[in-house]
Amino acid sequence: ADHTKVGNDHFARFAELSDIDTFITDDGIDKHVARDLAGAGPRIVTA
């Protein structure tokens with residue numbers, strides 16, 4: 001998901017953050033947010 005999708009809540013959800021192994025996003029993600037996401041379990045990959 002591109003960085004603009006991070007932190008947006010929507011009506012439908014397909015998984016919990018702890019269910020995700022790897023989260024791939026662009027390099028526009030806030031570094032503090034990426035650190036918090038990684039702390040919740042998934043590996044964060046920026047491209």
# chains A, B, ... in the order shown; residues from 1 in each chain; ligands from 1
>>> residues_around(residues="Pro42 in chain A", least_positions_apart="3", cutoff="9 Å", atoms="only C-alpha atoms", output="PDB file with all heavy atoms, in the first residue's frame")
ATOM      1  N   LEU A  17      -3.264  -6.456  12.152  1.00  0.00           N
ATOM      2  CA  LEU A  17      -1.877  -6.119  11.844  1.00  0.00           C
ATOM      3  C   LEU A  17      -0.940  -7.266  12.210  1.00  0.00           C
ATOM      4  O   LEU A  17       0.025  -7.543  11.498  1.00  0.00           O
ATOM      5  CB  LEU A  17      -1.475  -4.841  12.574  1.00  0.00           C
ATOM      6  CG  LEU A  17      -0.141  -4.233  12.208  1.00  0.00           C
ATOM      7  CD1 LEU A  17      -0.027  -3.973  10.717  1.00  0.00           C
ATOM      8  CD2 LEU A  17       0.084  -2.964  12.995  1.00  0.00           C
ATOM      9  N   SER A  18      -1.238  -7.958  13.268  1.00  0.00           N
ATOM     10  CA  SER A  18      -0.390  -9.080  13.697  1.00  0.00           C
ATOM     11  C   SER A  18      -0.440 -10.254  12.716  1.00  0.00           C
ATOM     12  O   SER A  18       0.423 -11.134  12.768  1.00  0.00           O
ATOM     13  CB  SER A  18      -0.803  -9.542  15.089  1.00  0.00           C
ATOM     14  OG  SER A  18      -2.146  -9.992  15.078  1.00  0.00           O
ATOM     15  N   ASP A  19      -1.416 -10.291  11.815  1.00  0.00           N
ATOM     16  CA  ASP A  19      -1.526 -11.350  10.815  1.00  0.00           C
ATOM     17  C   ASP A  19      -0.655 -11.094   9.585  1.00  0.00           C
ATOM     18  O   ASP A  19      -0.509 -11.972   8.736  1.00  0.00           O
ATOM     19  CB  ASP A  19      -2.982 -11.504  10.345  1.00  0.00           C
ATOM     20  CG  ASP A  19      -3.909 -11.949  11.454  1.00  0.00           C
ATOM     21  OD1 ASP A  19      -3.455 -12.722  12.332  1.00  0.00           O
ATOM     22  OD2 ASP A  19      -5.072 -11.524  11.451  1.00  0.00           O
ATOM     23  N   ILE A  20      -0.100  -9.909   9.472  1.00  0.00           N
ATOM     24  CA  ILE A  20       0.678  -9.522   8.297  1.00  0.00           C
ATOM     25  C   ILE A  20       2.157  -9.796   8.550  1.00  0.00           C
ATOM     26  O   ILE A  20       2.710  -9.386   9.568  1.00  0.00           O
ATOM     27  CB  ILE A  20       0.450  -8.033   7.972  1.00  0.00           C
ATOM     28  CG1 ILE A  20      -1.025  -7.812   7.652  1.00  0.00           C
ATOM     29  CG2 ILE A  20       1.337  -7.576   6.834  1.00  0.00           C
ATOM     30  CD1 ILE A  20      -1.411  -6.360   7.512  1.00  0.00           C
ATOM     31  N   ASP A  21       2.799 -10.493   7.603  1.00  0.00           N
ATOM     32  CA  ASP A  21       4.226 -10.803   7.712  1.00  0.00           C
ATOM     33  C   ASP A  21       5.094  -9.668   7.176  1.00  0.00           C
ATOM     34  O   ASP A  21       6.101  -9.319   7.772  1.00  0.00           O
ATOM     35  CB  ASP A  21       4.572 -12.075   6.943  1.00  0.00           C
ATOM     36  CG  ASP A  21       3.918 -13.300   7.533  1.00  0.00           C
ATOM     37  OD1 ASP A  21       3.860 -13.407   8.773  1.00  0.00           O
ATOM     38  OD2 ASP A  21       3.439 -14.135   6.762  1.00  0.00           O
ATOM     39  N   THR A  22       4.712  -9.126   6.015  1.00  0.00           N
ATOM     40  CA  THR A  22       5.498  -8.096   5.351  1.00  0.00           C
ATOM     41  C   THR A  22       4.571  -7.019   4.826  1.00  0.00           C
ATOM     42  O   THR A  22       3.568  -7.320   4.192  1.00  0.00           O
ATOM     43  CB  THR A  22       6.309  -8.684   4.172  1.00  0.00           C
ATOM     44  OG1 THR A  22       7.130  -9.746   4.660  1.00  0.00           O
ATOM     45  CG2 THR A  22       7.182  -7.637   3.513  1.00  0.00           C
ATOM     46  N   PHE A  23       4.896  -5.769   5.091  1.00  0.00           N
ATOM     47  CA  PHE A  23       4.123  -4.630   4.600  1.00  0.00           C
ATOM     48  C   PHE A  23       5.018  -3.861   3.645  1.00  0.00           C
ATOM     49  O   PHE A  23       6.082  -3.373   4.029  1.00  0.00           O
ATOM     50  CB  PHE A  23       3.698  -3.742   5.772  1.00  0.00           C
ATOM     51  CG  PHE A  23       2.803  -2.615   5.369  1.00  0.00           C
ATOM     52  CD1 PHE A  23       1.441  -2.814   5.241  1.00  0.00           C
ATOM     53  CD2 PHE A  23       3.327  -1.358   5.107  1.00  0.00           C
ATOM     54  CE1 PHE A  23       0.615  -1.769   4.868  1.00  0.00           C
ATOM     55  CE2 PHE A  23       2.507  -0.314   4.733  1.00  0.00           C
ATOM     56  CZ  PHE A  23       1.146  -0.525   4.605  1.00  0.00           C
ATOM     57  N   LEU A  37       4.656   0.398  13.193  1.00  0.00           N
ATOM     58  CA  LEU A  37       4.106  -0.761  12.492  1.00  0.00           C
ATOM     59  C   LEU A  37       5.008  -1.975  12.659  1.00  0.00           C
ATOM     60  O   LEU A  37       4.551  -3.076  12.934  1.00  0.00           O
ATOM     61  CB  LEU A  37       3.918  -0.462  11.001  1.00  0.00           C
ATOM     62  CG  LEU A  37       2.794   0.469  10.622  1.00  0.00           C
ATOM     63  CD1 LEU A  37       2.880   0.839   9.138  1.00  0.00           C
ATOM     64  CD2 LEU A  37       1.448  -0.168  10.928  1.00  0.00           C
ATOM     65  N   ALA A  38       6.313  -1.773  12.485  1.00  0.00           N
ATOM     66  CA  ALA A  38       7.261  -2.873  12.634  1.00  0.00           C
ATOM     67  C   ALA A  38       7.227  -3.427  14.054  1.00  0.00           C
ATOM     68  O   ALA A  38       7.362  -4.635  14.258  1.00  0.00           O
ATOM     69  CB  ALA A  38       8.669  -2.409  12.278  1.00  0.00           C
ATOM     70  N   GLY A  39       7.014  -2.562  15.023  1.00  0.00           N
ATOM     71  CA  GLY A  39       6.938  -2.996  16.408  1.00  0.00           C
ATOM     72  C   GLY A  39       5.720  -3.878  16.679  1.00  0.00           C
ATOM     73  O   GLY A  39       5.707  -4.652  17.629  1.00  0.00           O
TER      74      GLY A  39
END
>>> residues_around(residues="Asp27 in chain A", least_positions_apart="3", cutoff="8 Å", atoms="only C-alpha atoms", output="MDAnalysis selection string")
chainID A and resid 3 46:47
>>> atom_distance(atom1="CA of Ala40 in chain A", atom2="CA of Asp26 in chain A")
18.9 Å
>>> select_by_dssp(residues="chain A", states="helix (DSSP H, G or I)", output="PyMOL selection string")
chain A and resi 3-5+17-19+31-39
>>> write_last_selection(atoms="N, CA and C atoms", output="compact mmCIF listing (two decimals), in the first residue's frame")
# COMPACT_ATOMS: atom_id res chain seq x y z
N HIS A 3 1.95 5.08 0.98
CA HIS A 3 1.95 5.68 2.32
C HIS A 3 0.67 6.44 2.65
N THR A 4 -0.09 6.86 1.65
CA THR A 4 -1.33 7.61 1.94
C THR A 4 -2.41 6.71 2.51
N LYS A 5 -2.26 5.40 2.40
CA LYS A 5 -3.24 4.46 2.94
C LYS A 5 -2.98 4.11 4.40
N LEU A 17 -3.26 -6.46 12.15
CA LEU A 17 -1.88 -6.12 11.84
C LEU A 17 -0.94 -7.27 12.21
N SER A 18 -1.24 -7.96 13.27
CA SER A 18 -0.39 -9.08 13.70
C SER A 18 -0.44 -10.25 12.72
N ASP A 19 -1.42 -10.29 11.81
CA ASP A 19 -1.53 -11.35 10.81
C ASP A 19 -0.65 -11.09 9.58
N LYS A 31 8.68 7.84 9.09
CA LYS A 31 9.59 6.87 9.70
C LYS A 31 9.13 6.43 11.09
N HIS A 32 8.48 7.32 11.84
CA HIS A 32 7.96 6.95 13.16
C HIS A 32 6.80 5.98 13.02
N VAL A 33 5.95 6.19 12.03
CA VAL A 33 4.83 5.29 11.79
C VAL A 33 5.35 3.92 11.35
N ALA A 34 6.35 3.91 10.48
CA ALA A 34 6.93 2.64 10.03
C ALA A 34 7.52 1.88 11.21
N ARG A 35 8.17 2.60 12.12
CA ARG A 35 8.75 1.96 13.31
C ARG A 35 7.66 1.36 14.19
N ASP A 36 6.57 2.10 14.36
CA ASP A 36 5.45 1.60 15.16
C ASP A 36 4.82 0.36 14.52
N LEU A 37 4.66 0.40 13.19
CA LEU A 37 4.11 -0.76 12.49
C LEU A 37 5.01 -1.97 12.66
N ALA A 38 6.31 -1.77 12.48
CA ALA A 38 7.26 -2.87 12.63
C ALA A 38 7.23 -3.43 14.05
N GLY A 39 7.01 -2.56 15.02
CA GLY A 39 6.94 -3.00 16.41
C GLY A 39 5.72 -3.88 16.68
>>> closest_residue(among="A:Asn8, A:Thr25, A:Ala1, A:Ala15", to="Ile44 in chain A", atoms="only C-alpha atoms")
A:Thr25
>>> select_by_dssp(residues="chain A", states="strand (DSSP E)", output="PyMOL selection string")
chain A and resi 22-25+43-46
>>> write_last_selection(atoms="all heavy atoms", output="CSV table (one decimal), in the first residue's frame")
chain,number,residue,atom,x,y,z
A,22,THR,N,4.7,-9.1,6.0
A,22,THR,CA,5.5,-8.1,5.4
A,22,THR,C,4.6,-7.0,4.8
A,22,THR,O,3.6,-7.3,4.2
A,22,THR,CB,6.3,-8.7,4.2
A,22,THR,OG1,7.1,-9.7,4.7
A,22,THR,CG2,7.2,-7.6,3.5
A,23,PHE,N,4.9,-5.8,5.1
A,23,PHE,CA,4.1,-4.6,4.6
A,23,PHE,C,5.0,-3.9,3.6
A,23,PHE,O,6.1,-3.4,4.0
A,23,PHE,CB,3.7,-3.7,5.8
A,23,PHE,CG,2.8,-2.6,5.4
A,23,PHE,CD1,1.4,-2.8,5.2
A,23,PHE,CD2,3.3,-1.4,5.1
A,23,PHE,CE1,0.6,-1.8,4.9
A,23,PHE,CE2,2.5,-0.3,4.7
A,23,PHE,CZ,1.1,-0.5,4.6
A,24,ILE,N,4.6,-3.8,2.4
A,24,ILE,CA,5.4,-3.1,1.4
A,24,ILE,C,4.7,-1.7,1.1
A,24,ILE,O,3.5,-1.7,0.8
A,24,ILE,CB,5.5,-3.9,0.1
A,24,ILE,CG1,6.1,-5.3,0.4
A,24,ILE,CG2,6.3,-3.2,-1.0
A,24,ILE,CD1,6.0,-6.3,-0.8
A,25,THR,N,5.5,-0.7,1.1
A,25,THR,CA,5.0,0.7,0.9
A,25,THR,C,6.0,1.5,0.2
A,25,THR,O,7.1,1.0,-0.1
A,25,THR,CB,4.5,1.3,2.2
A,25,THR,OG1,3.8,2.6,1.9
A,25,THR,CG2,5.7,1.6,3.1
A,43,ARG,N,7.3,-7.0,9.0
A,43,ARG,CA,8.5,-6.4,8.4
A,43,ARG,C,8.1,-5.3,7.4
A,43,ARG,O,7.2,-5.5,6.6
A,43,ARG,CB,9.3,-7.5,7.7
A,43,ARG,CG,10.6,-7.0,7.0
A,43,ARG,CD,11.4,-8.1,6.5
A,43,ARG,NE,10.8,-8.8,5.4
A,43,ARG,CZ,11.2,-8.8,4.1
A,43,ARG,NH1,12.2,-8.1,3.8
A,43,ARG,NH2,10.5,-9.4,3.2
A,44,ILE,N,8.7,-4.2,7.5
A,44,ILE,CA,8.3,-3.0,6.6
A,44,ILE,C,9.3,-2.9,5.5
A,44,ILE,O,10.5,-2.8,5.8
A,44,ILE,CB,8.3,-1.7,7.4
A,44,ILE,CG1,7.4,-1.9,8.7
A,44,ILE,CG2,7.8,-0.6,6.5
A,44,ILE,CD1,5.9,-2.2,8.4
A,45,VAL,N,8.9,-2.9,4.3
A,45,VAL,CA,9.7,-2.8,3.1
A,45,VAL,C,9.3,-1.5,2.4
A,45,VAL,O,8.1,-1.4,2.0
A,45,VAL,CB,9.6,-4.0,2.2
A,45,VAL,CG1,10.4,-3.8,0.9
A,45,VAL,CG2,10.0,-5.3,2.9
A,46,THR,N,10.2,-0.6,2.2
A,46,THR,CA,9.9,0.6,1.4
A,46,THR,C,10.6,0.5,0.1
A,46,THR,O,11.8,0.0,0.0
A,46,THR,CB,10.3,1.9,2.1
A,46,THR,OG1,11.7,1.8,2.5
A,46,THR,CG2,9.5,2.1,3.4
